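Participant: Got a structure here, written out as C-alpha cells. Questions coming.
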There are 4 protein chains.
Amino acid sequence: MDTKETILAAADQVFGEVGYDAATTREIAESCGVNKALIHYHFKNKEGLLAAVLDRYYDRLGAEVAGALGGAATLRDKLVRLVDAYADFLGQNLRFCRIVQREASGGMHADKIRDRMVPIFELGRAALVAEYPASATGDLAAEHLLISVYGLIVTWFTYGDVIAPLLGSAPAAKRQLTARKRHVRRIVTLLLDALERPAAPTRSAGEIGG
Amino acid sequence: MDTKETILAAADQVFGEVGYDAATTREIAESCGVNKALIHYHFKNKEGLLAAVLDRYYDRLGAEVAGALGGAATLRDKLVRLVDAYADFLGQNLRFCRIVQREASGGMHADKIRDRMVPIFELGRAALVAEYPASATGDLAAEHLLISVYGLIVTWFTYGDVIAPLLGSAPAAKRQLTARKRHVRRIVTLLLDALERPAAPTRSAGEIGG
Amino acid sequence: MDTKETILAAADQVFGEVGYDAATTREIAESCGVNKALIHYHFKNKEGLLAAVLDRYYDRLGAEVAGALGGAATLRDKLVRLVDAYADFLGQNLRFCRIVQREASGGMHADKIRDRMVPIFELGRAALVAEYPASATGDLAAEHLLISVYGLIVTWFTYGDVIAPLLGSAPAAKRQLTARKRHVRRIVTLLLDALERPAAPTRSAGEIGG
Amino acid sequence: MDTKETILAAADQVFGEVGYDAATTREIAESCGVNKALIHYHFKNKEGLLAAVLDRYYDRLGAEVAGALGGAATLRDKLVRLVDAYADFLGQNLRFCRIVQREASGGMHADKIRDRMVPIFELGRAALVAEYPASATGDLAAEHLLISVYGLIVTWFTYGDVIAPLLGSAPAAKRQLTARKRHVRRIVTLLLDALERPAAPTRSAGEIGG
DNA sequence: GATGAATGAGTATTCATTCAT
DNA sequence: TATGAATGAATACTCATTCAT
C-alpha cells in the first residue's frame with residue numbers, strides 16, 4: 001500500500017544485515033516485491049535511500065533522548081533514565097546500530113550521521129555542564145563522558161557477535177541487556193559521584209606512550 | 001620480492017579508507033603498482049587479503065597486550081598500562097580500527113575477528129577474576145568490564161569524524177589522545193576501587209525501560 | 001490550453017540541443033513544467049513528438065520557399081532571393097538545422113525528412129529545368145545544383161562549431177551570415193552564368209580517383 | 001585475433017548505422033563476438049571507443065589530403081585532385097560521413113571532430129591564399145571556399161537517403177559518384193577562374209534579410 | 001613470479017511507456 | 001486534461017576471478 005514505507009522497511013533490513021556497500025537495490029526491491037525502478041523514483045538514489053532510513057531512526061532516537069532529559073527529575077535521575085532509554089532503543093534497533101557502526105567511520109555517509117548525532121551530544125553536554133561544573137574541563141570533561149557512555153552502550157551491541165561466546169547468549173537478549181544496563185548505570189553512578197567530589201588529582205607520574 | 005608485503009600495505013590502506021566492500025582489487029593493485037592478478041596469486045582471494053591484513057594487525061596487538069599484562073607489577077598497574085598500550089596502538093593504527101569497526105558487526109568476516117579477539121578477552125578476564133573475585137559476577141562482572149574498557153577506547157577513534165566538531169581537533173591528535181587516555185585511566189581507577197570495596201548495592205528499584 | 005505548444009517548444013529546444021536519441025521525455029517535460037505522461041497523451045510517442053516538431057518547421061520552410069519562388073521576377077532573381085530566404089531561415093532556426101543534420105542520415109526518421117524535403121526539391125528542379133534547359137542533364141544537372149546550393153548553406157550552420165575557430169565568431173552571427181549569403185549568391189551567379197553559356201566542355205582527360 | 005581491431009571494426013559499423021547515442025556497447029560486442037567488458041578494457045569508455053574510431057578515419061583522411069596537396073603539380077590541379085580524393089574517401093567510408101554528420105553539430109564530441117578537421121582546413125587555406133591572393137578576403141575568401149567545397153561533397157553523401165528518390169540510384173553508386181565529382185570539379189573550376197579574374201563586384205543592391 | 005587479456009555475473013541507474021484516478 | 005505511481009527492459013560500466021604465456 002504505502003510503497004515508500006515498504007521500501008524503507010526492506011532497505012532497513014538489508015542495509016542492517018550486510019551493510020550499505022554490500023546491499024544491492026535489486027535485493028531490496030525483491031525482498032519487498034517492489035519494482036527496482038521505484039526505489040529511484042521515490043528516493044532518487046541508493047544513497048538517498050540510506051539517508052531516509054537513517055532519518056527515520058534518528059527522528060525516533062531524538063524523541064527518545066529529549067523525553068529522557070525532559071521532565072522534573074534531578075539530572076542524575078535523568079541521566080540514568082537516558083542510559084536506559086538509549087540502551088533499550090539500540091537493543092530494539094540492532095540494525096540501526098550496525099548501520100551507524102559501519103558508516104560512521106570514514107565513509108561517505110559520515111556527514112549525515114554527524115549532522116544528526118552532534119545536536120544530541122550538544123544537548124547532553126549542555127545539561128551536564130550546567131549541573132556539574134567539574135565536567136566543564138579535566139579528566140571527566142563532558143565530551144569525554146558522553147562519548148564514554150555512548151561507547152559503553154553501543155559497543156555492547158556492535159561487538160555482539162564477537163563477545164557472544166564469552167556470554168553464552170546474545171547480547172541483545174533480555175537477560176543480557178538488563179545486566180548491561182545495570183553495569184552501565186553503575187559506571188554512570190561512579191562518574192557522577194566523582195564529579196560531585198572535590199577534584200581528585202590524576203596520577204600524573206608514570207604516564208605511558210602517547 | 002616484497003611484493004606480498006607491498007600488496008598488504010596497499011590493501012591495508014584501501015580497506016581502511018573505504019572499507020572492504022567498497023575496496024576493489026584494481027585500486028589496491030594500482031595504488032602499489034602491482035599486477036592485479038598477483039593479488040590472487042599471493043592471497044587467493046579478496047577475502048584472503050583481508051584476512052592477511054587483519055592477522056598482521058592482531059599479531060602485533062596480541063604482543064602488545066601480552067607485554068602490558070606481563071612483568072612483575074600489580075594488576076592495577078598492569079591494567080592501567082594496558083589501557084595506555086591499547087589506546088596507543090589504536091591511535092597509531094586508525095585503519096585497523098576502522099576495518100574492525102566495519103567488519104565486526106554482522107558481516108561475513110566477523111568470525112575472523114572474533115577468533116582473534118576472544119583469546120585476548122579471555123586473557124584479560126582470567127587476570128581480572130584472579131585478582132578481583134568481585135568481578136566474577138554482578139554489576140562489575142569481568143566480561144562487562146572488559147567490553148567497557150574496550151568500548152571506551154575504540155569509540156574514541158571510530159567516532160572520530162562524528163565528534164571532531166565537539167573537540168576542535170582530530171581525536172587521534174596527540175593532545176586529544178593524551179586527554180582521552182587520562183579519562184579512561186580515571187574510569188578504570190574508579191572501577192577497580194569499586195571492585196575492592198565491599199559490594200555496593202545497585203538501586204534495584206525504579207529501573208526504567210527494557 | 002497551450003500545453004501542446006508548450007511541449008512542442010520544449011521538445012524543439014531539447015532535440016536541437018542534444019539530439020533525438022540523447023533527449024529524454026523527462027527532460028522535455030521538466031524543462032516546460034508539464035507532466036511527463038502528457039507527452040504521450042498529446043503526441044502518442046517520443047517519435048510522434050519529433051514528427052510534430054519537424055512538421056512545424058517544414059510548414060514554415062515550405063511557405064518560405066514558395067514565397068521566394070512566387071511572384072513576377074526573373075528566375076535568376078527568384079533563385080537569388082531563395083538562397084537568401086533559405087539562409088535566413090536556417091540561421092534563425094539553428095535547432096532545426098541540427099535536428100535534420102542528425103536525423104537525415106541513416107536514422108529511423110529519415111523517411112519523415114525525405115517526405116518533406118523531396119517536394120521542395122522537386123519544386124526547385126521543375127523551375128530550373130524550365131528556364132535553363134542545360135540543367136536537364138550534364139555537369140550542372142538540376143539535382144546536383146539543388147543539392148549543391150542546399151549544401152553550401154546548410155554546411156555553414158551545421159559545421160558551425162567546427163569552423164568557428166577559423167572565423168573568430170559564430171557562423172550564425174549577423175556579420176558572418178551576411179558574408180556567407182554573399183558568397184553563396186556569388187556561386188549561384190557563376191552557376192547560372194555557366195548554364196546560360198553554350199556548354200563548356202569538362203576536361204574529361206586526366207580524371208583522378210574513383 | 002587482434003581483439004582491439006575487431007572491436008573497432010564493429011563499433012565503426014554500429015556507430016555508422018544508428019549513431020553514437022543509439023548504439024549500445026552490447027550490440028557492438030555481440031556483433032563481433034567479443035565480451036562486453038573487453039570494450040571497456042581496451043577503450044575505457046563508449047566515448048573512448050568513438051574517439052578511436054574517429055582517429056582511425058582521420059589518420060587516413062589526413063594522409064589522403066596531404067597526398068593530394070603534395071607533389072609538383074599546379075595548385076589548380078592539386079585542388080582538383082583533392083576534390084576527387086575527398087569524394088572518393090567519403091564515398092568509400094559512408095559510415096565515417098554519417099558519424100561526423102551526426103556528431104559535428106552541437107554534441108559532446110564536437111571537440112574531437114574540430115580538433116582533427118581544423119588542421120586540415122588550415123592546410124587548405126594556406127595553400128589557397130598563397131596562390132590566389134584574391135582568396136584572402138571578400139566574396140570568395142578561402143574559409144568560405146573550403147567550407148563550400150567540403151559541403152558540396154559531404155552533402156551528397158549525408159543526404160543520400162533524402163535525395164535518392166530524385167536520382168534513381170544510391171548517391172554512392174559508382175555512376176552517381178562519378179557524376180558528382182564532375183559537378184564539383186566544374187564548380188571548383190568556375191571558382192578558381194573567378195579568383196584569377198580581376199575582382200568582379202557583387203551586386204550590393206537588393207540584398208534580402210539577414 | 002608476473003602479466004595482459006579475457007570473462008560472466010552483477011551494479012546502480014535510466015528510459016519510454018502505461019495506467020488508475 | 002492532468003497526475004503520481006508503477007513497470008520491464010535496457011544501458012554503460014565494474015568486479016573478482018581465471019588463464020595462457
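Naming scheme: A, B, ... for chains in displayed order of the C-alpha cells; residues 1 onward per chain; ligands 1 onward as shown.
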Restrict the calculation to only C-alpha atoms (C1' of nucleotides), then for each residue of chain F with any atom at most 9 Å from an atom of chain A give the closest atom pair and their distance in Å to one decimal, rows by chain and rising residue number, as JSON lines.

Facilitator:
{"residue": "F:DA5", "atom": "C1'", "partner": "A:Leu38", "partner_atom": "CA", "distance": 8.5}
{"residue": "F:DA6", "atom": "C1'", "partner": "A:Leu38", "partner_atom": "CA", "distance": 7.3}
{"residue": "F:DT7", "atom": "C1'", "partner": "A:Asn35", "partner_atom": "CA", "distance": 6.9}
{"residue": "F:DG8", "atom": "C1'", "partner": "A:Asn35", "partner_atom": "CA", "distance": 8.8}

Participant: Which neighbours of Tyr159 in chain A fall inside 7 Å, counting only C-alpha atoms (C1' of nucleotides), when residues of the same chain fewer than 4 positions from it are skipped, and could you give them as a tab-separated table (two decimals) with N, CA, C and O atoms, in the first residue's frame?

Facilitator:
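Wrote selection17.tsv, looks like this:
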chain	number	residue	atom	x	y	z
A	155	THR	N	28.96	-0.34	22.13
A	155	THR	CA	29.92	-1.43	21.94
A	155	THR	C	29.30	-2.77	22.30
A	155	THR	O	29.59	-3.80	21.71
A	163	ILE	N	31.56	-10.96	21.20
A	163	ILE	CA	31.61	-11.35	22.61
A	163	ILE	C	30.61	-12.43	22.98
A	163	ILE	O	30.67	-12.98	24.09
B	104	ALA	N	33.28	-6.11	12.16
B	104	ALA	CA	32.99	-6.92	13.35
B	104	ALA	C	31.51	-7.23	13.47
B	104	ALA	O	31.11	-8.27	13.98
B	105	SER	N	30.71	-6.32	12.94
B	105	SER	CA	29.29	-6.40	13.23
B	105	SER	C	28.48	-6.98	12.08
B	105	SER	O	28.13	-6.28	11.15

Participant: Pull out every residue of chain A that has at least one atom within 12 Å of chain E, counting only C-alpha atoms (C1' of nucleotides), and report them as a ChimeraX atom specification.

Facilitator: /A:21-27,36-41,44-47

Participant: So that I have them on file, write out the residues from the current selection with N, CA and C atoms, as a JSON list (two decimals), in the first residue's frame.

Facilitator:
[["chain", "number", "residue", "atom", "x", "y", "z"],
["A", 21, "ASP", "N", 27.32, -0.93, 1.46],
["A", 21, "ASP", "CA", 28.05, -1.24, 0.23],
["A", 21, "ASP", "C", 27.65, -2.59, -0.35],
["A", 22, "ALA", "N", 27.50, -3.57, 0.51],
["A", 22, "ALA", "CA", 27.19, -4.90, 0.02],
["A", 22, "ALA", "C", 25.71, -5.04, -0.33],
["A", 23, "ALA", "N", 24.90, -4.13, 0.14],
["A", 23, "ALA", "CA", 23.48, -4.20, -0.18],
["A", 23, "ALA", "C", 23.27, -3.81, -1.64],
["A", 24, "THR", "N", 22.31, -4.44, -2.29],
["A", 24, "THR", "CA", 22.00, -4.09, -3.68],
["A", 24, "THR", "C", 20.55, -3.65, -3.78],
["A", 25, "THR", "N", 20.32, -2.73, -4.67],
["A", 25, "THR", "CA", 18.95, -2.26, -4.86],
["A", 25, "THR", "C", 18.05, -3.41, -5.32],
["A", 26, "ARG", "N", 18.65, -4.32, -6.06],
["A", 26, "ARG", "CA", 17.85, -5.46, -6.51],
["A", 26, "ARG", "C", 17.35, -6.28, -5.32],
["A", 27, "GLU", "N", 18.25, -6.55, -4.39],
["A", 27, "GLU", "CA", 17.85, -7.35, -3.25],
["A", 27, "GLU", "C", 16.78, -6.62, -2.43],
["A", 36, "LYS", "N", 12.26, -2.43, -9.06],
["A", 36, "LYS", "CA", 13.54, -1.83, -8.73],
["A", 36, "LYS", "C", 13.57, -0.33, -9.04],
["A", 37, "ALA", "N", 12.94, 0.03, -10.13],
["A", 37, "ALA", "CA", 12.98, 1.44, -10.53],
["A", 37, "ALA", "C", 12.26, 2.34, -9.54],
["A", 38, "LEU", "N", 11.34, 1.76, -8.78],
["A", 38, "LEU", "CA", 10.59, 2.56, -7.81],
["A", 38, "LEU", "C", 11.49, 3.11, -6.72],
["A", 39, "ILE", "N", 12.55, 2.39, -6.43],
["A", 39, "ILE", "CA", 13.49, 2.89, -5.42],
["A", 39, "ILE", "C", 14.02, 4.25, -5.86],
["A", 40, "HIS", "N", 14.37, 4.31, -7.12],
["A", 40, "HIS", "CA", 14.92, 5.57, -7.61],
["A", 40, "HIS", "C", 13.83, 6.62, -7.80],
["A", 41, "TYR", "N", 12.65, 6.15, -8.09],
["A", 41, "TYR", "CA", 11.55, 7.10, -8.22],
["A", 41, "TYR", "C", 11.27, 7.76, -6.87],
["A", 44, "LYS", "N", 15.40, 8.62, -5.24],
["A", 44, "LYS", "CA", 16.41, 9.21, -6.13],
["A", 44, "LYS", "C", 17.66, 8.35, -6.27],
["A", 45, "ASN", "N", 18.14, 7.85, -5.17],
["A", 45, "ASN", "CA", 19.46, 7.23, -5.09],
["A", 45, "ASN", "C", 19.49, 6.08, -4.10],
["A", 46, "LYS", "N", 20.48, 5.24, -4.23],
["A", 46, "LYS", "CA", 20.76, 4.29, -3.15],
["A", 46, "LYS", "C", 21.14, 5.11, -1.91],
["A", 47, "GLU", "N", 21.89, 6.16, -2.14],
["A", 47, "GLU", "CA", 22.31, 6.99, -1.02],
["A", 47, "GLU", "C", 21.12, 7.70, -0.38]]

Participant: Fewer than 3 positions away in the same chain doesn't count, so skip those; otherwise give me all residues within 8 Å of Ala134 in chain C, counting only C-alpha atoms (C1' of nucleotides), as a list in words.

Facilitator: Val129, Thr137, Gly138, Leu140, Ala141, Leu195, Glu196 and Ala199 of chain C

Participant: Counting only C-alpha atoms, which residues from chain C have an atom at most 6 Å from any atom of chain D, and could you show them as a PyMOL selection string?

Facilitator: chain C and resi 21+88+102+105+107+114+139+148+151-152+155+158+162+183+209-210

Participant: With N, CA and C atoms retained, export the selected residues as a PDB file, in the first residue's frame.

Facilitator:
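Heads up, here's the output in selection37.pdb:
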ATOM      1  N   ASP C  21      18.104  11.090 -29.893  1.00  0.00           N
ATOM      2  CA  ASP C  21      18.424   9.907 -29.087  1.00  0.00           C
ATOM      3  C   ASP C  21      18.788  10.275 -27.659  1.00  0.00           C
ATOM      4  N   ASP C  88      18.509  32.675 -44.303  1.00  0.00           N
ATOM      5  CA  ASP C  88      17.926  33.357 -43.157  1.00  0.00           C
ATOM      6  C   ASP C  88      17.123  32.387 -42.295  1.00  0.00           C
ATOM      7  N   ARG C 102      21.248  15.615 -37.982  1.00  0.00           N
ATOM      8  CA  ARG C 102      21.471  14.381 -37.247  1.00  0.00           C
ATOM      9  C   ARG C 102      20.588  13.247 -37.752  1.00  0.00           C
ATOM     10  N   SER C 105      20.454  11.331 -41.936  1.00  0.00           N
ATOM     11  CA  SER C 105      21.367  10.352 -42.492  1.00  0.00           C
ATOM     12  C   SER C 105      21.282   9.010 -41.789  1.00  0.00           C
ATOM     13  N   GLY C 107      19.190   7.391 -40.074  1.00  0.00           N
ATOM     14  CA  GLY C 107      18.422   7.107 -38.877  1.00  0.00           C
ATOM     15  C   GLY C 107      17.049   6.548 -39.218  1.00  0.00           C
ATOM     16  N   ARG C 114      12.738  12.959 -45.588  1.00  0.00           N
ATOM     17  CA  ARG C 114      12.698  12.838 -47.047  1.00  0.00           C
ATOM     18  C   ARG C 114      11.329  13.242 -47.577  1.00  0.00           C
ATOM     19  N   ASP C 139      26.912  18.167 -66.378  1.00  0.00           N
ATOM     20  CA  ASP C 139      27.674  18.591 -65.203  1.00  0.00           C
ATOM     21  C   ASP C 139      26.852  19.451 -64.251  1.00  0.00           C
ATOM     22  N   SER C 148      23.699  21.094 -54.266  1.00  0.00           N
ATOM     23  CA  SER C 148      24.869  21.924 -54.025  1.00  0.00           C
ATOM     24  C   SER C 148      24.505  23.183 -53.261  1.00  0.00           C
ATOM     25  N   GLY C 151      23.641  22.342 -49.824  1.00  0.00           N
ATOM     26  CA  GLY C 151      24.845  22.018 -49.062  1.00  0.00           C
ATOM     27  C   GLY C 151      25.655  23.258 -48.719  1.00  0.00           C
ATOM     28  N   LEU C 152      25.747  24.191 -49.664  1.00  0.00           N
ATOM     29  CA  LEU C 152      26.510  25.413 -49.417  1.00  0.00           C
ATOM     30  C   LEU C 152      25.955  26.171 -48.209  1.00  0.00           C
ATOM     31  N   THR C 155      25.767  23.538 -44.668  1.00  0.00           N
ATOM     32  CA  THR C 155      27.067  23.196 -44.079  1.00  0.00           C
ATOM     33  C   THR C 155      27.604  24.334 -43.220  1.00  0.00           C
ATOM     34  N   THR C 158      25.737  23.813 -39.887  1.00  0.00           N
ATOM     35  CA  THR C 158      25.901  22.561 -39.141  1.00  0.00           C
ATOM     36  C   THR C 158      27.351  22.296 -38.771  1.00  0.00           C
ATOM     37  N   VAL C 162      32.632  23.558 -35.736  1.00  0.00           N
ATOM     38  CA  VAL C 162      33.919  23.119 -36.261  1.00  0.00           C
ATOM     39  C   VAL C 162      34.704  24.287 -36.836  1.00  0.00           C
ATOM     40  N   HIS C 183      28.627  35.110 -50.427  1.00  0.00           N
ATOM     41  CA  HIS C 183      29.438  34.050 -51.040  1.00  0.00           C
ATOM     42  C   HIS C 183      28.566  33.090 -51.853  1.00  0.00           C
ATOM     43  N   GLY C 209      41.041   9.357 -59.505  1.00  0.00           N
ATOM     44  CA  GLY C 209      40.232   8.681 -58.474  1.00  0.00           C
ATOM     45  C   GLY C 209      39.072   7.893 -59.031  1.00  0.00           C
ATOM     46  N   GLY C 210      38.181   7.438 -58.049  1.00  0.00           N
ATOM     47  CA  GLY C 210      37.035   6.560 -58.179  1.00  0.00           C
ATOM     48  C   GLY C 210      36.361   6.536 -59.516  1.00  0.00           C
TER      49      GLY C 210
END

Participant: What does the distance between CA of Ala11 in chain B and CA of Val65 in chain B come to in Å, to one decimal place?

Facilitator: 24.7 Å

Participant: Extract the full set of helix (DSSP H, G or I) residues from chain B according to DSSP on the backbone, and format it as a ChimeraX atom specification.

Facilitator: /B:3-18,25-31,36-43,46-69,75-92,94-103,110-131,133-136,142-158,160-167,174-196

Participant: Which residues come within 12 Å of Ala9 in chain B, counting only C-alpha atoms (C1' of nucleotides), excluding same-chain residues fewer than 4 positions away, as a short mmCIF file (atom, residue, chain, number, x, y, z; two decimals) with all heavy atoms, in the first residue's frame?

Facilitator:
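result32.cif written:
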data_model
loop_
_atom_site.label_atom_id
_atom_site.label_comp_id
_atom_site.auth_asym_id
_atom_site.auth_seq_id
_atom_site.Cartn_x
_atom_site.Cartn_y
_atom_site.Cartn_z
N ASP B 2 59.39 -8.34 -2.16
CA ASP B 2 58.46 -7.93 -1.11
C ASP B 2 57.08 -7.67 -1.66
O ASP B 2 56.29 -6.96 -1.06
CB ASP B 2 58.97 -6.66 -0.42
CG ASP B 2 60.26 -6.93 0.31
OD1 ASP B 2 60.52 -8.10 0.65
OD2 ASP B 2 60.98 -5.97 0.55
N THR B 3 56.83 -8.27 -2.82
CA THR B 3 55.53 -8.00 -3.45
C THR B 3 54.39 -8.25 -2.48
O THR B 3 53.44 -7.47 -2.40
CB THR B 3 55.36 -8.87 -4.69
OG1 THR B 3 56.46 -8.64 -5.56
CG2 THR B 3 54.09 -8.52 -5.40
N LYS B 4 54.49 -9.34 -1.78
CA LYS B 4 53.41 -9.69 -0.85
C LYS B 4 53.22 -8.58 0.18
O LYS B 4 52.09 -8.16 0.46
CB LYS B 4 53.77 -11.01 -0.15
CG LYS B 4 52.57 -11.86 0.16
CD LYS B 4 52.98 -13.28 0.56
CE LYS B 4 51.81 -14.00 1.21
NZ LYS B 4 52.12 -15.39 1.55
N GLU B 5 54.33 -8.11 0.71
CA GLU B 5 54.25 -7.03 1.70
C GLU B 5 53.70 -5.75 1.06
O GLU B 5 52.90 -5.02 1.65
CB GLU B 5 55.62 -6.75 2.31
CG GLU B 5 56.02 -7.73 3.41
CD GLU B 5 55.02 -7.72 4.57
OE1 GLU B 5 54.60 -6.62 4.99
OE2 GLU B 5 54.63 -8.82 5.04
N GLN B 13 45.80 0.08 3.49
CA GLN B 13 45.44 1.47 3.18
C GLN B 13 44.01 1.58 2.61
O GLN B 13 43.16 2.31 3.12
CB GLN B 13 46.43 2.02 2.16
CG GLN B 13 46.17 3.44 1.69
CD GLN B 13 46.76 4.45 2.65
OE1 GLN B 13 47.59 4.11 3.48
NE2 GLN B 13 46.30 5.68 2.55
N VAL B 14 43.77 0.82 1.58
CA VAL B 14 42.49 0.94 0.88
C VAL B 14 41.33 0.40 1.73
O VAL B 14 40.28 1.04 1.83
CB VAL B 14 42.54 0.23 -0.48
CG1 VAL B 14 41.19 0.28 -1.17
CG2 VAL B 14 43.61 0.87 -1.37
N PHE B 15 41.52 -0.76 2.32
CA PHE B 15 40.47 -1.30 3.19
C PHE B 15 40.16 -0.29 4.30
O PHE B 15 39.00 -0.05 4.64
CB PHE B 15 40.91 -2.62 3.82
CG PHE B 15 40.87 -3.79 2.88
CD1 PHE B 15 41.72 -4.88 3.05
CD2 PHE B 15 39.98 -3.82 1.82
CE1 PHE B 15 41.68 -5.97 2.19
CE2 PHE B 15 39.93 -4.91 0.95
CZ PHE B 15 40.79 -5.98 1.14
N GLY B 16 41.19 0.28 4.86
CA GLY B 16 40.99 1.22 5.95
C GLY B 16 40.26 2.48 5.52
O GLY B 16 39.48 3.05 6.28
N ILE B 28 43.59 -1.45 -5.23
CA ILE B 28 44.70 -1.90 -4.41
C ILE B 28 45.93 -2.15 -5.27
O ILE B 28 47.03 -1.70 -4.97
CB ILE B 28 44.31 -3.19 -3.64
CG1 ILE B 28 43.22 -2.86 -2.61
CG2 ILE B 28 45.51 -3.81 -2.98
CD1 ILE B 28 42.58 -4.07 -1.97
N ALA B 29 45.72 -2.87 -6.37
CA ALA B 29 46.86 -3.20 -7.23
C ALA B 29 47.48 -1.93 -7.81
O ALA B 29 48.70 -1.75 -7.80
CB ALA B 29 46.40 -4.12 -8.36
N SER B 31 47.33 1.10 -6.71
CA SER B 31 47.91 2.01 -5.72
C SER B 31 49.31 1.58 -5.30
O SER B 31 50.03 2.33 -4.66
CB SER B 31 47.00 2.13 -4.50
OG SER B 31 47.18 1.03 -3.65
N CYS B 32 49.69 0.35 -5.64
CA CYS B 32 51.05 -0.06 -5.30
C CYS B 32 51.80 -0.57 -6.52
O CYS B 32 52.84 -1.22 -6.39
CB CYS B 32 51.05 -1.10 -4.18
SG CYS B 32 50.26 -2.66 -4.58
N GLY B 33 51.24 -0.30 -7.69
CA GLY B 33 51.94 -0.63 -8.92
C GLY B 33 52.21 -2.10 -9.13
O GLY B 33 53.27 -2.49 -9.62
N VAL B 34 51.22 -2.90 -8.76
CA VAL B 34 51.39 -4.35 -8.89
C VAL B 34 50.28 -4.89 -9.78
O VAL B 34 49.18 -4.37 -9.81
CB VAL B 34 51.36 -4.98 -7.47
CG1 VAL B 34 50.80 -6.40 -7.52
CG2 VAL B 34 52.73 -4.96 -6.85
N LEU B 49 42.98 -11.70 1.33
CA LEU B 49 43.78 -10.49 1.51
C LEU B 49 43.39 -9.77 2.80
O LEU B 49 44.24 -9.34 3.58
CB LEU B 49 43.59 -9.58 0.30
CG LEU B 49 44.40 -8.31 0.24
CD1 LEU B 49 45.88 -8.59 0.41
CD2 LEU B 49 44.16 -7.59 -1.08
N LEU B 50 42.08 -9.68 3.02
CA LEU B 50 41.62 -9.06 4.26
C LEU B 50 42.12 -9.84 5.46
O LEU B 50 42.60 -9.26 6.44
CB LEU B 50 40.09 -8.98 4.28
CG LEU B 50 39.51 -8.44 5.58
CD1 LEU B 50 39.91 -7.00 5.80
CD2 LEU B 50 37.99 -8.57 5.60
N ALA B 52 44.73 -11.62 5.74
CA ALA B 52 46.16 -11.39 5.96
C ALA B 52 46.40 -10.04 6.62
O ALA B 52 47.24 -9.90 7.51
CB ALA B 52 46.90 -11.48 4.63
N VAL B 53 45.65 -9.04 6.16
CA VAL B 53 45.79 -7.71 6.75
C VAL B 53 45.44 -7.76 8.23
O VAL B 53 46.18 -7.25 9.09
CB VAL B 53 44.90 -6.69 6.01
CG1 VAL B 53 44.82 -5.39 6.80
CG2 VAL B 53 45.42 -6.45 4.61
N LEU B 54 44.32 -8.40 8.53
CA LEU B 54 43.89 -8.47 9.93
C LEU B 54 44.88 -9.26 10.77
O LEU B 54 45.20 -8.86 11.90
CB LEU B 54 42.49 -9.11 10.01
CG LEU B 54 41.34 -8.22 9.56
CD1 LEU B 54 40.02 -8.98 9.59
CD2 LEU B 54 41.24 -6.98 10.44
N ARG B 56 48.05 -9.61 10.46
CA ARG B 56 49.23 -8.80 10.75
C ARG B 56 48.97 -7.87 11.93
O ARG B 56 49.78 -7.73 12.84
CB ARG B 56 49.62 -8.00 9.51
CG ARG B 56 51.11 -7.96 9.28
CD ARG B 56 51.48 -7.30 7.98
NE ARG B 56 50.68 -6.11 7.67
CZ ARG B 56 51.11 -5.11 6.92
NH1 ARG B 56 52.32 -5.15 6.41
NH2 ARG B 56 50.34 -4.09 6.65
N TYR B 57 47.79 -7.25 11.89
CA TYR B 57 47.44 -6.34 12.99
C TYR B 57 47.29 -7.08 14.30
O TYR B 57 47.81 -6.68 15.34
CB TYR B 57 46.14 -5.59 12.68
CG TYR B 57 46.33 -4.35 11.85
CD1 TYR B 57 45.73 -4.22 10.61
CD2 TYR B 57 47.11 -3.28 12.31
CE1 TYR B 57 45.88 -3.08 9.84
CE2 TYR B 57 47.27 -2.14 11.55
CZ TYR B 57 46.65 -2.04 10.32
OH TYR B 57 46.81 -0.91 9.58
N ARG B 95 43.47 2.79 10.74
CA ARG B 95 42.84 2.00 9.67
C ARG B 95 42.40 0.64 10.20
O ARG B 95 41.35 0.12 9.82
CB ARG B 95 43.80 1.84 8.51
CG ARG B 95 44.07 3.17 7.81
CD ARG B 95 44.78 2.95 6.50
NE ARG B 95 46.07 2.31 6.71
CZ ARG B 95 47.23 2.96 6.71
NH1 ARG B 95 47.25 4.26 6.50
NH2 ARG B 95 48.34 2.30 6.88
N PHE B 96 43.18 0.09 11.09
CA PHE B 96 42.80 -1.18 11.73
C PHE B 96 41.49 -1.01 12.49
O PHE B 96 40.55 -1.79 12.34
CB PHE B 96 43.93 -1.62 12.66
CG PHE B 96 43.57 -2.76 13.56
CD1 PHE B 96 43.21 -3.99 13.05
CD2 PHE B 96 43.61 -2.59 14.94
CE1 PHE B 96 42.90 -5.04 13.89
CE2 PHE B 96 43.29 -3.65 15.78
CZ PHE B 96 42.94 -4.87 15.26
#
